[in-house]
>>> print(open('final.pdb').read())   # PDB, C-alpha atoms
ATOM      1  CA  MET A   1       0.000   0.000   0.000
ATOM      2  CA  SER A   2       1.396   3.423  -0.890
ATOM      3  CA  GLU A   3       2.375   5.716   1.982
ATOM      4  CA  GLN A   4      -0.168   8.298   0.803
ATOM      5  CA  PHE A   5      -3.059   5.830   1.081
ATOM      6  CA  LYS A   6      -1.767   4.336   4.326
ATOM      7  CA  GLN A   7      -1.648   7.741   6.019
ATOM      8  CA  ALA A   8      -5.119   8.585   4.725
ATOM      9  CA  LEU A   9      -6.554   5.431   6.272
ATOM     10  CA  ASP A  10      -4.510   5.589   9.497
ATOM     11  CA  GLY A  11      -6.135   8.868  10.490
ATOM     12  CA  ILE A  12      -9.580   7.282  10.208
ATOM     13  CA  THR A  13      -8.769   4.022  11.965
ATOM     14  CA  ARG A  14      -7.302   5.904  14.933
ATOM     15  CA  VAL A  15     -10.808   7.108  15.825
ATOM     16  CA  ARG A  16     -12.301   4.955  18.580
ATOM     17  CA  GLY A  17     -15.041   2.651  17.347
ATOM     18  CA  VAL A  18     -13.834   2.437  13.742
ATOM     19  CA  ARG A  19     -13.604  -1.188  12.606
ATOM     20  CA  GLY A  20     -12.209  -0.553   9.183
ATOM     21  CA  ALA A  21     -11.498   2.040   6.515
ATOM     22  CA  LEU A  22     -11.147   1.448   2.803
ATOM     23  CA  LEU A  23     -10.378   3.311  -0.382
ATOM     24  CA  VAL A  24     -12.533   1.835  -3.115
ATOM     25  CA  THR A  25     -12.990   2.446  -6.842
ATOM     26  CA  ASP A  26     -16.478   3.898  -6.996
ATOM     27  CA  ASP A  27     -17.494   2.362 -10.330
ATOM     28  CA  ASP A  28     -15.946  -1.113  -9.879
ATOM     29  CA  GLY A  29     -16.352  -1.614  -6.128
ATOM     30  CA  LEU A  30     -12.788  -2.934  -5.872
ATOM     31  CA  VAL A  31     -10.451  -2.282  -2.948
ATOM     32  CA  ILE A  32      -7.574   0.148  -3.608
ATOM     33  CA  ALA A  33      -6.296   0.135  -0.036
ATOM     34  CA  ASP A  34      -7.750  -1.019   3.245
ATOM     35  CA  ALA A  35      -7.134  -1.138   6.965
ATOM     36  CA  VAL A  36      -9.774  -3.379   8.484
ATOM     37  CA  MET A  37     -10.084  -5.411  11.668
ATOM     38  CA  GLU A  38      -9.897  -9.173  11.530
ATOM     39  CA  GLY A  39     -13.252 -10.655  10.614
ATOM     40  CA  VAL A  40     -14.272  -7.748   8.384
ATOM     41  CA  ARG A  41     -14.581  -8.832   4.742
ATOM     42  CA  GLY A  42     -13.032  -5.859   3.012
ATOM     43  CA  ASP A  43     -13.938  -7.009  -0.506
ATOM     44  CA  ALA A  44     -17.589  -7.485   0.432
ATOM     45  CA  VAL A  45     -17.813  -4.126   2.216
ATOM     46  CA  ALA A  46     -16.134  -2.420  -0.755
ATOM     47  CA  ALA A  47     -18.414  -3.944  -3.393
ATOM     48  CA  LEU A  48     -21.644  -3.366  -1.476
ATOM     49  CA  ALA A  49     -20.750   0.127  -0.243
ATOM     50  CA  ALA A  50     -19.791   1.242  -3.762
ATOM     51  CA  SER A  51     -23.065  -0.122  -5.107
ATOM     52  CA  LEU A  52     -25.024   1.621  -2.348
ATOM     53  CA  SER A  53     -23.190   4.885  -2.886
ATOM     54  CA  ALA A  54     -23.793   4.774  -6.660
ATOM     55  CA  ARG A  55     -27.523   4.217  -6.114
ATOM     56  CA  MET A  56     -27.721   6.982  -3.532
ATOM     57  CA  ALA A  57     -25.879   9.321  -5.902
ATOM     58  CA  ARG A  58     -28.545   8.662  -8.535
ATOM     59  CA  ALA A  59     -31.229   9.211  -5.903
ATOM     60  CA  THR A  60     -29.892  12.591  -4.754
ATOM     61  CA  VAL A  61     -29.509  13.825  -8.327
ATOM     62  CA  GLY A  62     -32.985  12.483  -9.140
ATOM     63  CA  ALA A  63     -34.421  14.241  -6.120
ATOM     64  CA  GLY A  64     -32.902  17.506  -7.310
ATOM     65  CA  VAL A  65     -30.608  17.984  -4.304
ATOM     66  CA  GLY A  66     -27.356  17.621  -6.224
ATOM     67  CA  GLU A  67     -24.337  15.399  -5.722
ATOM     68  CA  GLN A  68     -23.992  13.416  -2.512
ATOM     69  CA  ASN A  69     -21.212  14.491  -0.153
ATOM     70  CA  PHE A  70     -21.555  12.013   2.652
ATOM     71  CA  LEU A  71     -23.602   8.902   3.350
ATOM     72  CA  GLN A  72     -24.296   7.580   6.835
ATOM     73  CA  LEU A  73     -26.132   4.285   7.191
ATOM     74  CA  GLN A  74     -27.055   3.425  10.755
ATOM     75  CA  ALA A  75     -27.655  -0.290  11.242
ATOM     76  CA  GLU A  76     -28.553  -2.468  14.209
ATOM     77  CA  HIS A  77     -24.964  -3.283  15.128
ATOM     78  CA  GLY A  78     -22.906  -0.618  13.424
ATOM     79  CA  THR A  79     -22.533   2.242  11.027
ATOM     80  CA  LEU A  80     -21.428   2.459   7.412
ATOM     81  CA  LEU A  81     -20.079   5.775   6.167
ATOM     82  CA  THR A  82     -19.059   6.679   2.630
ATOM     83  CA  MET A  83     -17.630   9.839   1.095
ATOM     84  CA  PRO A  84     -16.796  10.318  -2.597
ATOM     85  CA  ALA A  85     -13.311  11.586  -3.380
ATOM     86  CA  PRO A  86     -12.017  12.907  -6.722
ATOM     87  CA  ASN A  87     -10.615  10.556  -9.373
ATOM     88  CA  GLY A  88     -13.324   7.923  -8.885
ATOM     89  CA  VAL A  89     -12.292   6.985  -5.362
ATOM     90  CA  LEU A  90     -14.753   6.309  -2.556
ATOM     91  CA  VAL A  91     -13.768   6.471   1.111
ATOM     92  CA  VAL A  92     -15.635   3.793   3.081
ATOM     93  CA  VAL A  93     -15.701   3.392   6.850
ATOM     94  CA  LEU A  94     -17.234   0.637   8.940
ATOM     95  CA  ALA A  95     -17.694   1.560  12.590
ATOM     96  CA  GLU A  96     -19.454   0.710  15.824
ATOM     97  CA  LYS A  97     -22.955   2.032  16.339
ATOM     98  CA  ASP A  98     -21.910   4.626  18.924
ATOM     99  CA  VAL A  99     -18.879   5.978  17.040
ATOM    100  CA  ASN A 100     -18.308   9.735  17.000
ATOM    101  CA  VAL A 101     -19.527  10.338  13.443
ATOM    102  CA  GLY A 102     -18.403  13.965  13.412
ATOM    103  CA  LEU A 103     -14.835  12.987  14.184
ATOM    104  CA  VAL A 104     -14.854  10.181  11.611
ATOM    105  CA  ARG A 105     -16.271  12.563   9.004
ATOM    106  CA  LEU A 106     -13.445  15.012   9.688
ATOM    107  CA  GLU A 107     -10.876  12.275   9.174
ATOM    108  CA  MET A 108     -12.658  11.134   6.011
ATOM    109  CA  LEU A 109     -12.434  14.697   4.655
ATOM    110  CA  ARG A 110      -8.688  14.618   5.375
ATOM    111  CA  ALA A 111      -8.447  11.286   3.564
ATOM    112  CA  VAL A 112     -10.241  12.783   0.565
ATOM    113  CA  GLU A 113      -7.704  15.637   0.519
ATOM    114  CA  ALA A 114      -4.848  13.150   0.791
ATOM    115  CA  VAL A 115      -5.932  11.049  -2.206
ATOM    116  CA  LYS A 116      -6.605  14.057  -4.468
TER     117      LYS A 116
ATOM    118  CA  MET B   1     -38.287 -11.127 -12.589
ATOM    119  CA  LYS B   2     -35.045 -12.910 -13.456
ATOM    120  CA  HIS B   3     -35.525 -15.288 -16.354
ATOM    121  CA  VAL B   4     -33.329 -18.356 -15.990
ATOM    122  CA  ARG B   5     -33.328 -21.472 -18.190
ATOM    123  CA  VAL B   6     -31.429 -24.604 -17.249
ATOM    124  CA  VAL B   7     -30.560 -27.923 -18.803
ATOM    125  CA  GLU B   8     -29.724 -29.419 -15.397
ATOM    126  CA  PRO B   9     -32.234 -28.472 -12.677
ATOM    127  CA  TRP B  10     -29.743 -28.373  -9.772
ATOM    128  CA  ILE B  11     -28.219 -25.205 -11.269
ATOM    129  CA  GLU B  12     -31.435 -23.183 -11.228
ATOM    130  CA  ASP B  13     -31.665 -22.012  -7.597
ATOM    131  CA  PRO B  14     -27.999 -20.980  -7.261
ATOM    132  CA  LEU B  15     -28.164 -19.173 -10.606
ATOM    133  CA  VAL B  16     -31.393 -17.320  -9.794
ATOM    134  CA  ARG B  17     -29.861 -16.158  -6.526
ATOM    135  CA  PHE B  18     -26.684 -15.042  -8.280
ATOM    136  CA  VAL B  19     -28.329 -13.015 -11.056
ATOM    137  CA  THR B  20     -30.664 -11.384  -8.545
ATOM    138  CA  GLU B  21     -27.931 -10.370  -6.116
ATOM    139  CA  ALA B  22     -25.163  -9.518  -8.566
ATOM    140  CA  GLY B  23     -27.460  -7.671 -10.968
ATOM    141  CA  ALA B  24     -26.099  -9.629 -13.931
ATOM    142  CA  ARG B  25     -27.660  -8.903 -17.308
ATOM    143  CA  LEU B  26     -26.574 -12.128 -19.006
ATOM    144  CA  THR B  27     -25.135 -15.292 -17.503
ATOM    145  CA  LEU B  28     -24.005 -18.615 -18.909
ATOM    146  CA  ILE B  29     -22.947 -21.694 -16.967
ATOM    147  CA  MET B  30     -21.141 -24.113 -19.250
ATOM    148  CA  THR B  31     -18.521 -26.801 -19.470
ATOM    149  CA  PRO B  32     -14.962 -25.936 -20.571
ATOM    150  CA  ALA B  33     -15.915 -27.414 -23.959
ATOM    151  CA  GLY B  34     -18.631 -24.777 -24.337
ATOM    152  CA  GLN B  35     -21.655 -27.004 -23.652
ATOM    153  CA  VAL B  36     -24.238 -24.743 -22.014
ATOM    154  CA  LEU B  37     -25.888 -26.019 -18.817
ATOM    155  CA  ALA B  38     -27.843 -22.900 -17.895
ATOM    156  CA  GLN B  39     -28.452 -19.394 -19.158
ATOM    157  CA  HIS B  40     -30.001 -16.173 -17.990
ATOM    158  CA  GLY B  41     -30.958 -13.225 -20.153
ATOM    159  CA  PHE B  42     -30.271 -14.542 -23.660
ATOM    160  CA  THR B  43     -33.197 -14.587 -26.067
ATOM    161  CA  ARG B  44     -31.636 -16.205 -29.141
ATOM    162  CA  ALA B  45     -30.026 -19.640 -29.370
ATOM    163  CA  VAL B  46     -27.391 -18.350 -31.773
ATOM    164  CA  ASP B  47     -26.226 -15.773 -29.207
ATOM    165  CA  VAL B  48     -25.923 -18.441 -26.532
ATOM    166  CA  MET B  49     -23.906 -20.734 -28.762
ATOM    167  CA  ALA B  50     -21.612 -17.910 -29.898
ATOM    168  CA  ALA B  51     -21.052 -16.612 -26.364
ATOM    169  CA  ALA B  52     -20.404 -20.126 -25.036
ATOM    170  CA  ALA B  53     -17.941 -20.975 -27.798
ATOM    171  CA  LEU B  54     -16.082 -17.659 -27.467
ATOM    172  CA  GLY B  55     -16.064 -17.781 -23.662
ATOM    173  CA  ALA B  56     -14.678 -21.308 -23.636
ATOM    174  CA  ALA B  57     -12.060 -20.296 -26.202
ATOM    175  CA  ILE B  58     -10.967 -17.289 -24.121
ATOM    176  CA  VAL B  59     -10.559 -19.443 -21.009
ATOM    177  CA  SER B  60      -8.643 -22.017 -23.001
ATOM    178  CA  SER B  61      -6.338 -19.383 -24.512
ATOM    179  CA  THR B  62      -5.606 -17.684 -21.217
ATOM    180  CA  ARG B  63      -4.938 -21.048 -19.577
ATOM    181  CA  GLU B  64      -2.197 -21.573 -22.149
ATOM    182  CA  ILE B  65      -0.798 -18.099 -21.453
ATOM    183  CA  ALA B  66      -0.873 -18.889 -17.735
ATOM    184  CA  THR B  67       1.022 -22.110 -18.342
ATOM    185  CA  THR B  68       3.597 -20.244 -20.402
ATOM    186  CA  ILE B  69       4.347 -17.806 -17.586
ATOM    187  CA  GLY B  70       4.330 -20.544 -14.947
ATOM    188  CA  GLU B  71       0.950 -19.689 -13.449
ATOM    189  CA  GLY B  72      -1.337 -22.673 -12.828
ATOM    190  CA  ALA B  73      -4.467 -20.954 -14.071
ATOM    191  CA  PHE B  74      -6.071 -17.542 -13.977
ATOM    192  CA  ARG B  75      -8.789 -17.361 -11.386
ATOM    193  CA  ALA B  76     -11.010 -15.008 -13.309
ATOM    194  CA  LEU B  77     -10.939 -12.633 -16.235
ATOM    195  CA  ASN B  78     -12.682  -9.307 -16.451
ATOM    196  CA  HIS B  79     -13.131  -7.379 -19.666
ATOM    197  CA  GLN B  80     -14.232  -3.841 -18.856
ATOM    198  CA  GLY B  81     -16.143  -1.891 -21.469
ATOM    199  CA  VAL B  82     -17.831   1.501 -21.370
ATOM    200  CA  GLN B  83     -21.393   0.195 -21.030
ATOM    201  CA  HIS B  84     -20.804  -3.427 -20.059
ATOM    202  CA  GLY B  85     -18.269  -5.658 -18.370
ATOM    203  CA  ILE B  86     -17.680  -9.344 -19.006
ATOM    204  CA  PHE B  87     -16.588 -11.577 -16.147
ATOM    205  CA  LEU B  88     -15.333 -15.038 -17.002
ATOM    206  CA  ALA B  89     -14.221 -17.611 -14.442
ATOM    207  CA  GLU B  90     -13.666 -21.323 -14.045
ATOM    208  CA  MET B  91     -14.827 -23.291 -11.005
ATOM    209  CA  SER B  92     -14.333 -26.843  -9.775
ATOM    210  CA  THR B  93     -17.438 -28.825  -8.875
ATOM    211  CA  PRO B  94     -18.083 -32.517  -8.142
ATOM    212  CA  ARG B  95     -19.361 -32.670 -11.742
ATOM    213  CA  GLY B  96     -16.011 -31.430 -13.020
ATOM    214  CA  PRO B  97     -14.873 -27.943 -14.036
ATOM    215  CA  LEU B  98     -17.510 -25.440 -15.115
ATOM    216  CA  LEU B  99     -17.239 -21.964 -16.589
ATOM    217  CA  ALA B 100     -19.329 -18.931 -15.751
ATOM    218  CA  LEU B 101     -19.669 -16.068 -18.208
ATOM    219  CA  VAL B 102     -21.365 -13.010 -16.752
ATOM    220  CA  VAL B 103     -22.244  -9.773 -18.551
ATOM    221  CA  TYR B 104     -23.042  -6.860 -16.255
ATOM    222  CA  GLY B 105     -23.971  -3.238 -16.814
ATOM    223  CA  SER B 106     -23.632   0.032 -14.961
ATOM    224  CA  GLU B 107     -26.203  -1.040 -12.353
ATOM    225  CA  SER B 108     -23.677  -3.601 -11.123
ATOM    226  CA  SER B 109     -19.882  -3.727 -10.840
ATOM    227  CA  VAL B 110     -17.036  -6.194 -11.090
ATOM    228  CA  GLY B 111     -16.754  -6.025  -7.296
ATOM    229  CA  LEU B 112     -20.367  -7.123  -6.855
ATOM    230  CA  VAL B 113     -20.070  -9.835  -9.503
ATOM    231  CA  GLN B 114     -16.885 -11.203  -7.896
ATOM    232  CA  LEU B 115     -18.473 -11.118  -4.466
ATOM    233  CA  PHE B 116     -21.595 -13.035  -5.431
ATOM    234  CA  TYR B 117     -19.680 -15.320  -7.798
ATOM    235  CA  GLU B 118     -17.964 -16.784  -4.723
ATOM    236  CA  ASP B 119     -21.414 -17.537  -3.283
ATOM    237  CA  LEU B 120     -22.522 -19.014  -6.624
ATOM    238  CA  VAL B 121     -19.584 -21.430  -6.598
ATOM    239  CA  GLN B 122     -20.365 -22.553  -3.048
ATOM    240  CA  ASP B 123     -24.079 -22.924  -3.858
ATOM    241  CA  LEU B 124     -23.355 -24.949  -6.993
ATOM    242  CA  ILE B 125     -20.931 -27.228  -5.156
ATOM    243  CA  ALA B 126     -23.553 -27.816  -2.463
ATOM    244  CA  ALA B 127     -26.327 -28.486  -4.985
ATOM    245  CA  CYS B 128     -24.278 -30.523  -7.446
ATOM    246  CA  PRO B 129     -25.025 -34.235  -7.828
ATOM    247  CA  ASN B 130     -22.118 -36.634  -8.217
ATOM    248  CA  GLN B 131     -20.283 -37.083 -11.499
ATOM    249  CA  GLU B 132     -22.255 -39.051 -14.059
ATOM    250  CA  PRO B 133     -20.373 -41.960 -15.645
ATOM    251  CA  THR B 134     -19.067 -40.957 -19.040
ATOM    252  CA  LYS B 135     -20.365 -42.769 -22.081
ATOM    253  CA  PRO B 136     -19.171 -42.796 -25.669
ATOM    254  CA  VAL B 137     -20.585 -39.967 -27.765
ATOM    255  CA  ILE B 138     -22.260 -41.025 -30.964
ATOM    256  CA  ALA B 139     -23.599 -38.716 -33.637
ATOM    257  CA  ALA B 140     -27.269 -39.531 -33.085
ATOM    258  CA  ASP B 141     -27.026 -38.934 -29.328
ATOM    259  CA  PHE B 142     -25.136 -35.688 -29.865
ATOM    260  CA  GLU B 143     -27.802 -34.344 -32.223
ATOM    261  CA  ARG B 144     -30.619 -35.383 -29.904
ATOM    262  CA  ASP B 145     -28.886 -33.979 -26.799
ATOM    263  CA  LEU B 146     -28.144 -30.712 -28.571
ATOM    264  CA  HIS B 147     -31.781 -30.201 -29.548
ATOM    265  CA  LYS B 148     -32.921 -31.203 -26.053
ATOM    266  CA  SER B 149     -30.533 -28.687 -24.481
ATOM    267  CA  LEU B 150     -31.619 -25.869 -26.780
ATOM    268  CA  ALA B 151     -35.264 -26.684 -26.058
ATOM    269  CA  SER B 152     -34.579 -26.477 -22.321
ATOM    270  CA  LEU B 153     -32.625 -23.231 -22.645
ATOM    271  CA  PHE B 154     -35.304 -21.480 -24.675
ATOM    272  CA  GLY B 155     -38.447 -23.170 -23.394
ATOM    273  CA  ARG B 156     -39.453 -24.710 -26.711
TER     274      ARG B 156
END
>>> encode(input="final.pdb", output="structure tokens")
Amino acid sequence: MSEQFKQALDGITRVRGVRGALLVTDDDGLVIADAVMEGVRGDAVAALAASLSARMARATVGAGVGEQNFLQLQAEHGTLLTMPAPNGVLVVVLAEKDVNVGLVRLEMLRAVEAVK
Amino acid sequence: MKHVRVVEPWIEDPLVRFVTEAGARLTLIMTPAGQVLAQHGFTRAVDVMAAAALGAAIVSSTREIATTIGEGAFRALNHQGVQHGIFLAEMSTPRGPLLALVVYGSESSVGLVQLFYEDLVQDLIAACPNQEPTKPVIAADFERDLHKSLASLFGR
């Protein structure tokens, strides 16, 4: 993994409650770089999160509210967060339910800047 | 509704699940020789036969390339186009090796197809009956089997 990508993901995974962070190609759903806890299927998270993000992007444009900036999906046992970055990259984070979303979002924004 | 046609019934449930979850537009399950066992999405027999023959040929060619560079076999091939992608992979089952050819569009992705392909392989292995004893192929049987297969694949 390149140092640039590693640093981008390290900032996110340092936040308490984060179980994994990935850089994913938004059209293919393939993993570019990942830092995930044992037991997390990075390839599955990448493929499904990219698919979800693509559908939500179509939904926001269709609803006339423009491009999506950030997606937060709260589930029974955790949270999925995605943020599009330039060059067709998607930042994906899998976290505990009670994670500090504001802090994770800040680190995701830094990751987006780092992969520009 | 996903429209699936099969020659061998044990393939149907795993294939329906796969095309539903992966969002595949077209799918073929076939032998390495290009004999089609199941199809989803094709409407013309000629398209199925062409896709099966070309898919089997691609796998065969790349296997030779793999051998040349000292690789046992390629796990999967993905041809990425502007509108469509083609995913081609070989799997081992109790009935012998099978090939899957999957065409997907912008509503899916190679990541999704790869993900659910792994489930398809496991489902097929679980559903697969044991290897049938091989018998000599004679021209009359071949002709009859071919017509029977095409009838199954296109509901005629």
>>> resolve_selection(input="final.pdb", expression="the PyMOL selection byres ((chain B) within 6 of (chain A))", output="PyMOL selection string")
chain B and resi 109-112
>>> residues_near_point(input="final.pdb", point="(-6.2, 9.4, 4.2)", cutoff="8 Å", atoms="all atoms listed in the file", output="list of chain:residue names")
A:Gln4, A:Phe5, A:Lys6, A:Gln7, A:Ala8, A:Leu9, A:Asp10, A:Gly11, A:Ile12, A:Glu107, A:Met108, A:Arg110, A:Ala111, A:Val112, A:Glu113, A:Ala114, A:Val115
>>> resolve_selection(input="final.pdb", expression="the PyMOL selection byres ((chain A and resi 85) around 8)", output="list in words")
Met83, Pro84, Pro86, Asn87, Gly88, Val89, Leu90, Val91, Val112, Glu113, Val115 and Lys116 of chain A
>>> atom_distance(input="final.pdb", atom1="CA of Val93 in chain A", atom2="CA of Ala21 in chain A")
4.4 Å
>>> resolve_selection(input="final.pdb", expression="the PyMOL selection byres ((chain B and resi 123) around 10)", output="list of chain:residue names")
B:Trp10, B:Ile11, B:Asp13, B:Pro14, B:Leu15, B:Arg17, B:Phe18, B:Tyr117, B:Glu118, B:Asp119, B:Leu120, B:Val121, B:Gln122, B:Leu124, B:Ile125, B:Ala126, B:Ala127, B:Cys128
>>> closest_residue(input="final.pdb", among="B:Thr31, B:Thr67, B:Ser106, B:Gln39", to="Gly81 in chain B", atoms="all atoms listed in the file")
B:Ser106
>>> atom_distance(input="final.pdb", atom1="CA of Arg5 in chain B", atom2="CA of Ser152 in chain B")
6.6 Å
>>> atom_distance(input="final.pdb", atom1="CA of Ala50 in chain B", atom2="CA of Ser149 in chain B")
15.0 Å
